[in-house]
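Novice: See start09.pdb below, with PDB, C-alpha atoms, pLDDT in the B column.
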```
ATOM      1  CA  MET A   1     -16.078  16.435  -0.636  1.00 81.00           C
ATOM      2  CA  ASP A   2     -17.840  15.913   2.671  1.00 85.00           C
ATOM      3  CA  LYS A   3     -20.856  13.627   3.122  1.00 85.00           C
ATOM      4  CA  GLN A   4     -23.352  16.488   3.029  1.00 88.00           C
ATOM      5  CA  GLN A   5     -21.959  17.846  -0.263  1.00 89.00           C
ATOM      6  CA  LEU A   6     -21.953  14.319  -1.684  1.00 91.00           C
ATOM      7  CA  ALA A   7     -25.579  13.795  -0.661  1.00 88.00           C
ATOM      8  CA  ILE A   8     -26.567  17.090  -2.304  1.00 89.00           C
ATOM      9  CA  SER A   9     -24.745  16.164  -5.512  1.00 89.00           C
ATOM     10  CA  LEU A  10     -26.411  12.737  -5.644  1.00 93.00           C
ATOM     11  CA  GLU A  11     -29.871  14.169  -4.869  1.00 92.00           C
ATOM     12  CA  ALA A  12     -29.481  16.524  -7.831  1.00 90.00           C
ATOM     13  CA  ALA A  13     -28.643  13.647 -10.203  1.00 92.00           C
ATOM     14  CA  ASP A  14     -30.976  12.927 -13.097  1.00 94.00           C
ATOM     15  CA  PRO A  15     -33.485  10.289 -11.883  1.00 94.00           C
ATOM     16  CA  GLU A  16     -32.927   8.303 -15.092  1.00 96.00           C
ATOM     17  CA  LEU A  17     -29.294   7.658 -14.101  1.00 96.00           C
ATOM     18  CA  TRP A  18     -30.246   5.527 -11.120  1.00 97.00           C
ATOM     19  CA  ILE A  19     -30.015   1.743 -11.474  1.00 96.00           C
ATOM     20  CA  THR A  20     -31.347  -0.746  -8.942  1.00 94.00           C
ATOM     21  CA  SER A  21     -29.225  -3.864  -8.362  1.00 93.00           C
ATOM     22  CA  TYR A  22     -28.860  -6.552  -5.750  1.00 92.00           C
ATOM     23  CA  VAL A  23     -26.119  -6.077  -3.177  1.00 91.00           C
ATOM     24  CA  GLY A  24     -23.687  -9.001  -3.014  1.00 84.00           C
ATOM     25  CA  ASN A  25     -25.381 -12.170  -1.845  1.00 72.00           C
ATOM     26  CA  LEU A  26     -27.924 -10.252   0.194  1.00 77.00           C
ATOM     27  CA  ASP A  27     -31.590 -10.319  -0.649  1.00 82.00           C
ATOM     28  CA  LYS A  28     -31.498  -6.535  -0.753  1.00 90.00           C
ATOM     29  CA  ALA A  29     -31.477  -4.087  -3.641  1.00 93.00           C
ATOM     30  CA  GLU A  30     -29.886  -0.666  -3.710  1.00 93.00           C
ATOM     31  CA  ARG A  31     -29.864   2.241  -6.111  1.00 95.00           C
ATOM     32  CA  TRP A  32     -26.624   3.395  -7.674  1.00 97.00           C
ATOM     33  CA  ILE A  33     -25.271   5.387 -10.617  1.00 97.00           C
ATOM     34  CA  TRP A  34     -23.002   3.740 -13.178  1.00 97.00           C
ATOM     35  CA  ILE A  35     -19.807   5.751 -13.640  1.00 97.00           C
ATOM     36  CA  ALA A  36     -17.508   3.665 -15.863  1.00 95.00           C
ATOM     37  CA  SER A  37     -16.543   0.237 -17.142  1.00 93.00           C
ATOM     38  CA  VAL A  38     -13.130  -0.434 -15.678  1.00 88.00           C
ATOM     39  CA  SER A  39     -12.331  -3.906 -16.898  1.00 79.00           C
ATOM     40  CA  GLU A  40     -12.539  -5.937 -20.061  1.00 79.00           C
ATOM     41  CA  TYR A  41     -14.353  -8.542 -17.945  1.00 75.00           C
ATOM     42  CA  GLY A  42     -17.563  -6.540 -17.526  1.00 83.00           C
ATOM     43  CA  VAL A  43     -16.723  -4.911 -14.201  1.00 89.00           C
ATOM     44  CA  SER A  44     -18.063  -1.408 -13.646  1.00 94.00           C
ATOM     45  CA  LEU A  45     -17.581   1.245 -11.026  1.00 96.00           C
ATOM     46  CA  GLY A  46     -20.402   3.320  -9.614  1.00 96.00           C
ATOM     47  CA  ILE A  47     -21.565   5.401  -6.694  1.00 96.00           C
ATOM     48  CA  SER A  48     -24.413   4.263  -4.478  1.00 94.00           C
ATOM     49  CA  GLU A  49     -27.319   6.272  -3.192  1.00 93.00           C
ATOM     50  CA  GLY A  50     -25.631   6.017   0.213  1.00 91.00           C
ATOM     51  CA  GLY A  51     -22.556   7.778  -1.199  1.00 92.00           C
ATOM     52  CA  TYR A  52     -20.085   4.903  -1.281  1.00 91.00           C
ATOM     53  CA  TRP A  53     -18.282   3.439  -4.266  1.00 94.00           C
ATOM     54  CA  VAL A  54     -19.558   0.131  -5.642  1.00 95.00           C
ATOM     55  CA  ILE A  55     -18.254  -2.486  -8.024  1.00 94.00           C
ATOM     56  CA  GLU A  56     -20.832  -3.951 -10.390  1.00 93.00           C
ATOM     57  CA  ALA A  57     -20.615  -7.242 -12.228  1.00 89.00           C
ATOM     58  CA  GLU A  58     -23.543  -9.180 -13.697  1.00 86.00           C
ATOM     59  CA  ASN A  59     -26.055  -6.731 -12.195  1.00 86.00           C
ATOM     60  CA  ILE A  60     -24.833  -7.377  -8.646  1.00 91.00           C
ATOM     61  CA  ILE A  61     -23.104  -4.580  -6.756  1.00 94.00           C
ATOM     62  CA  THR A  62     -20.489  -4.908  -4.063  1.00 92.00           C
ATOM     63  CA  PRO A  63     -19.765  -1.919  -1.836  1.00 91.00           C
ATOM     64  CA  ILE A  64     -16.136  -0.869  -1.491  1.00 90.00           C
ATOM     65  CA  VAL A  65     -15.854  -0.438   2.240  1.00 80.00           C
ATOM     66  CA  GLU A  66     -12.643  -0.023   4.217  1.00 66.00           C
ATOM     67  CA  GLY A  67     -10.542  -1.016   1.222  1.00 68.00           C
ATOM     68  CA  LYS A  68     -12.195  -4.403   0.856  1.00 73.00           C
ATOM     69  CA  HIS A  69     -13.453  -6.015  -2.357  1.00 78.00           C
ATOM     70  CA  LEU A  70     -10.891  -4.289  -4.578  1.00 88.00           C
ATOM     71  CA  ARG A  71      -9.591  -7.457  -6.246  1.00 88.00           C
ATOM     72  CA  ASP A  72     -12.119  -7.043  -9.056  1.00 87.00           C
ATOM     73  CA  LEU A  73     -10.666  -3.595  -9.735  1.00 92.00           C
ATOM     74  CA  LEU A  74      -7.039  -4.705 -10.130  1.00 93.00           C
ATOM     75  CA  PRO A  75      -7.386  -4.348 -13.940  1.00 93.00           C
ATOM     76  CA  CYS A  76      -7.606  -0.590 -13.288  1.00 93.00           C
ATOM     77  CA  LEU A  77      -3.888  -0.759 -12.515  1.00 96.00           C
ATOM     78  CA  LYS A  78      -3.321  -1.388 -16.242  1.00 95.00           C
ATOM     79  CA  MET A  79      -4.193   2.281 -16.741  1.00 94.00           C
ATOM     80  CA  SER A  80      -2.034   5.093 -15.490  1.00 94.00           C
ATOM     81  CA  PRO A  81      -3.404   7.062 -12.529  1.00 93.00           C
ATOM     82  CA  ASP A  82      -3.981   9.994 -14.903  1.00 94.00           C
ATOM     83  CA  GLU A  83      -5.945   7.813 -17.344  1.00 95.00           C
ATOM     84  CA  MET A  84      -8.084   6.431 -14.525  1.00 95.00           C
ATOM     85  CA  THR A  85      -8.734   9.903 -13.126  1.00 95.00           C
ATOM     86  CA  LEU A  86      -9.644  11.240 -16.568  1.00 96.00           C
ATOM     87  CA  LEU A  87     -12.010   8.321 -17.249  1.00 95.00           C
ATOM     88  CA  ILE A  88     -13.846   8.720 -13.951  1.00 96.00           C
ATOM     89  CA  THR A  89     -13.971  12.525 -13.813  1.00 97.00           C
ATOM     90  CA  LYS A  90     -15.114  12.734 -17.452  1.00 97.00           C
ATOM     91  CA  ASN A  91     -17.954  10.300 -16.724  1.00 96.00           C
ATOM     92  CA  LEU A  92     -18.907  12.061 -13.487  1.00 96.00           C
ATOM     93  CA  THR A  93     -19.158  15.316 -15.443  1.00 96.00           C
ATOM     94  CA  LYS A  94     -21.244  13.655 -18.185  1.00 96.00           C
ATOM     95  CA  ARG A  95     -23.704  12.594 -15.492  1.00 95.00           C
ATOM     96  CA  GLY A  96     -23.875  16.059 -13.972  1.00 94.00           C
ATOM     97  CA  LEU A  97     -22.068  14.946 -10.825  1.00 95.00           C
ATOM     98  CA  SER A  98     -19.251  16.766  -9.078  1.00 93.00           C
ATOM     99  CA  VAL A  99     -15.758  15.580 -10.013  1.00 94.00           C
ATOM    100  CA  LYS A 100     -14.918  15.986  -6.326  1.00 94.00           C
ATOM    101  CA  ILE A 101     -16.705  12.658  -5.784  1.00 94.00           C
ATOM    102  CA  TRP A 102     -13.557  11.048  -7.228  1.00 94.00           C
ATOM    103  CA  ASP A 103     -11.575  12.369  -4.247  1.00 92.00           C
ATOM    104  CA  GLY A 104     -13.411   9.838  -2.069  1.00 91.00           C
ATOM    105  CA  PHE A 105     -12.297   6.826  -4.105  1.00 93.00           C
ATOM    106  CA  PRO A 106      -9.859   4.596  -2.176  1.00 92.00           C
ATOM    107  CA  LEU A 107      -6.953   4.786  -4.662  1.00 92.00           C
ATOM    108  CA  GLN A 108      -4.425   4.026  -1.954  1.00 92.00           C
ATOM    109  CA  ASP A 109      -6.329   0.845  -1.068  1.00 92.00           C
ATOM    110  CA  LEU A 110      -6.440  -0.197  -4.738  1.00 95.00           C
ATOM    111  CA  VAL A 111      -2.667   0.178  -5.015  1.00 96.00           C
ATOM    112  CA  MET A 112      -2.252  -1.672  -1.721  1.00 94.00           C
ATOM    113  CA  SER A 113      -4.364  -4.550  -3.093  1.00 94.00           C
ATOM    114  CA  GLY A 114      -2.043  -4.815  -6.077  1.00 96.00           C
ATOM    115  CA  LEU A 115       1.059  -4.781  -3.887  1.00 96.00           C
ATOM    116  CA  LYS A 116      -0.385  -7.457  -1.587  1.00 95.00           C
ATOM    117  CA  SER A 117      -1.829  -9.612  -4.386  1.00 95.00           C
ATOM    118  CA  ARG A 118       1.068 -12.096  -4.333  1.00 95.00           C
ATOM    119  CA  SER A 119       1.073 -11.769  -8.128  1.00 96.00           C
ATOM    120  CA  ASP A 120       4.140 -10.369  -9.850  1.00 97.00           C
ATOM    121  CA  PHE A 121       1.927  -8.966 -12.612  1.00 97.00           C
ATOM    122  CA  TRP A 122      -0.352  -6.927 -10.303  1.00 97.00           C
ATOM    123  CA  ALA A 123       2.473  -5.945  -7.943  1.00 97.00           C
ATOM    124  CA  ASN A 124       4.489  -4.581 -10.869  1.00 97.00           C
ATOM    125  CA  LEU A 125       1.524  -2.542 -12.125  1.00 97.00           C
ATOM    126  CA  ALA A 126       0.845  -1.272  -8.593  1.00 97.00           C
ATOM    127  CA  LEU A 127       4.470  -0.099  -8.383  1.00 97.00           C
ATOM    128  CA  ASN A 128       3.812   2.162 -11.377  1.00 95.00           C
ATOM    129  CA  TRP A 129       1.057   3.803  -9.349  1.00 95.00           C
ATOM    130  CA  VAL A 130       3.199   4.056  -6.195  1.00 95.00           C
ATOM    131  CA  GLU A 131       5.565   6.249  -8.192  1.00 89.00           C
ATOM    132  CA  GLU A 132       2.701   8.723  -8.695  1.00 87.00           C
ATOM    133  CA  PHE A 133       2.076   9.203  -4.978  1.00 84.00           C
ATOM    134  CA  PRO A 134       3.963  12.105  -3.351  1.00 79.00           C
ATOM    135  CA  THR A 135       5.516   9.792  -0.776  1.00 71.00           C
ATOM    136  CA  THR A 136       6.012   6.077  -0.419  1.00 67.00           C
ATOM    137  CA  THR A 137       5.803   6.061   3.370  1.00 81.00           C
ATOM    138  CA  LEU A 138       2.224   4.831   2.925  1.00 84.00           C
ATOM    139  CA  PHE A 139       3.573   1.773   1.118  1.00 92.00           C
ATOM    140  CA  ALA A 140       6.978   1.323   2.781  1.00 92.00           C
ATOM    141  CA  GLU A 141       6.064  -1.931   4.524  1.00 93.00           C
ATOM    142  CA  GLU A 142       4.647  -3.458   1.336  1.00 94.00           C
ATOM    143  CA  LEU A 143       7.661  -2.306  -0.697  1.00 95.00           C
ATOM    144  CA  GLU A 144       9.988  -3.945   1.841  1.00 95.00           C
ATOM    145  CA  GLU A 145       7.936  -7.145   1.606  1.00 95.00           C
ATOM    146  CA  ILE A 146       8.186  -7.151  -2.204  1.00 96.00           C
ATOM    147  CA  ILE A 147      11.942  -6.547  -2.030  1.00 96.00           C
ATOM    148  CA  GLY A 148      12.305  -9.721   0.060  1.00 96.00           C
ATOM    149  CA  ALA A 149       9.588 -11.794  -1.621  1.00 96.00           C
ATOM    150  CA  GLU A 150      10.302 -14.937  -3.575  1.00 95.00           C
ATOM    151  CA  TRP A 151       7.033 -14.729  -5.513  1.00 96.00           C
ATOM    152  CA  VAL A 152       8.112 -11.674  -7.522  1.00 96.00           C
ATOM    153  CA  THR A 153      10.664 -11.481 -10.298  1.00 97.00           C
ATOM    154  CA  GLN A 154      14.056  -9.931  -9.762  1.00 97.00           C
ATOM    155  CA  LYS A 155      12.997  -7.061 -12.032  1.00 97.00           C
ATOM    156  CA  THR A 156      10.012  -6.268  -9.770  1.00 97.00           C
ATOM    157  CA  ARG A 157      12.156  -6.504  -6.625  1.00 97.00           C
ATOM    158  CA  HIS A 158      14.658  -4.038  -8.095  1.00 96.00           C
ATOM    159  CA  LYS A 159      11.880  -1.693  -9.138  1.00 96.00           C
ATOM    160  CA  ALA A 160      10.453  -1.717  -5.579  1.00 96.00           C
ATOM    161  CA  LYS A 161      13.903  -1.108  -4.130  1.00 95.00           C
ATOM    162  CA  LYS A 162      14.518   1.796  -6.515  1.00 94.00           C
ATOM    163  CA  ILE A 163      11.162   3.413  -5.643  1.00 93.00           C
ATOM    164  CA  LEU A 164      11.728   3.000  -1.908  1.00 90.00           C
ATOM    165  CA  LYS A 165      15.227   4.456  -2.125  1.00 88.00           C
ATOM    166  CA  ARG A 166      14.196   7.403  -4.310  1.00 83.00           C
ATOM    167  CA  LYS A 167      11.044   8.376  -2.401  1.00 65.00           C
ATOM    168  CA  SER A 168      12.171   7.800   1.189  1.00 63.00           C
TER     169      SER A 168
END
```
Just give me the structure as structure tokens.
Specialist:
Amino acid sequence: MDKQQLAISLEAADPELWITSYVGNLDKAERWIWIASVSEYGVSLGISEGGYWVIEAENIITPIVEGKHLRDLLPCLKMSPDEMTLLITKNLTKRGLSVKIWDGFPLQDLVMSGLKSRSDFWANLALNWVEEFPTTTLFAEELEEIIGAEWVTQKTRHKAKKILKRKS
């Protein structure tokens, strides 16, 4: 979905869906639409009036720009990619928004955050998602790093090696 189509979809949204929250530590508020709760810790995902994805916690939103600020979304990796897609697209539809908005979510960056987390738990969950991508060339460097890392378990190293070998 291009920016113009996104803007049209957001303009057509029910005015009652819009929430106003403060942005990060800035003394600035922005309007956004809640899409889904994505964590048992009260973290939600939404889309801003400007058309970018935001993370909301405690009524403060943080824009997801250039793959940054995804640490709060690592619990999404506990779901399968299909479960995450179904959750988001179902909620977009409920709000009268185009499911094509989901295409603009930085899934690759979320997976990358899990792989680079230096946590065996998140890296292992991210590997489950890597298997769902058509190619691992996007993640080859991170997979190689996990294979040689001392901070992951042997099981996770073998899983990364298996994925890299199978998808290369």
Novice: Could you expand the PyMOL selection byres ((chain A and resi 36) around 7) into the explicit residues it covers here, written as a JSON list (two decimals) with C-alpha atoms, keeping the file's coordinate frame?
Specialist:
```json
[["chain", "number", "residue", "atom", "x", "y", "z"],
["A", 34, "TRP", "CA", -23.00, 3.74, -13.18],
["A", 35, "ILE", "CA", -19.81, 5.75, -13.64],
["A", 37, "SER", "CA", -16.54, 0.24, -17.14],
["A", 38, "VAL", "CA", -13.13, -0.43, -15.68],
["A", 44, "SER", "CA", -18.06, -1.41, -13.65],
["A", 45, "LEU", "CA", -17.58, 1.25, -11.03],
["A", 46, "GLY", "CA", -20.40, 3.32, -9.61],
["A", 88, "ILE", "CA", -13.85, 8.72, -13.95],
["A", 91, "ASN", "CA", -17.95, 10.30, -16.72]]
```
Novice: What's around A:Leu127 at 8 Å? Count all atoms listed in the file, leave out sequence neighbours fewer than 3 positions away in its own chain, and write the answer as a PyMOL selection string.
Specialist: chain A and resi 111+115+123-124+130-131+159-160
Novice: Which residues fall under the PyMOL selection byres ((chain A and resi 162) around 12) in this file, as an MDAnalysis selection string?
Specialist: chainID A and resid 127:128 130:131 136 140 143:144 146:147 155:161 163:168
Novice: Could you please determine the separation between atom CA of A:Glu40 and atom CA of A:Leu87 in Å, to one decimal place?
Specialist: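 For atom CA of A:Glu40 relative to atom CA of A:Leu87, the distance reads 14.5 Å.
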Novice: Can you turn the PyMOL selection byres ((chain A and resi 122) around 12) into a concrete residue list for this file, as a PyMOL selection string?
Specialist: chain A and resi 71-79+110-121+123-129+146+151-153+156
Novice: Enter the distance from atom CA of A:Trp102 to atom CA of A:Leu6, in Å, rounded to one decimal.
Specialist: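 Spanning atom CA of A:Trp102 to atom CA of A:Leu6 is a straight-line distance of 10.6 Å.
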Novice: Grab the atom CA of A:Gly42 to atom CA of A:Pro15 distance for me, in Å with one decimal place.
Specialist: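 Result for atom CA of A:Gly42 versus atom CA of A:Pro15: 23.8 Å, one decimal.
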Novice: Taking into account all atoms listed in the file, which residue in the set A:Ser21, A:Val99, A:Ile8, A:Asp27 is nearest to A:Glu56?
Specialist: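 Comparing A:Ser21, A:Val99, A:Ile8, A:Asp27 against A:Glu56, the winner is A:Ser21.
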Novice: Using all atoms listed in the file, which of A:Val54, A:Gln108, A:Thr62, A:Gln4 sits nearest A:Val23?
Specialist: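 Nearest to A:Val23: A:Thr62.
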Novice: Let me make sure I understand: among A:Pro134, A:Gly104, A:Gly24, A:Gly148, which one has the smallest atom-to-atom distance to A:Ile47 if we use all atoms listed in the file?
Specialist: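 Using all atoms listed in the file, the shortest distance to A:Ile47 belongs to A:Gly104.
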Novice: Can you report as JSON the centre and edge lengths in Å, to one decimal, of an axis-aligned box around the listed atoms of stretch 108-115 of chain A padded with 5 Å on each side?
Specialist:
```
{"center_x": -2.7, "center_y": -0.4, "center_z": -3.6, "size_x": 17.5, "size_y": 18.8, "size_z": 15.0}
```
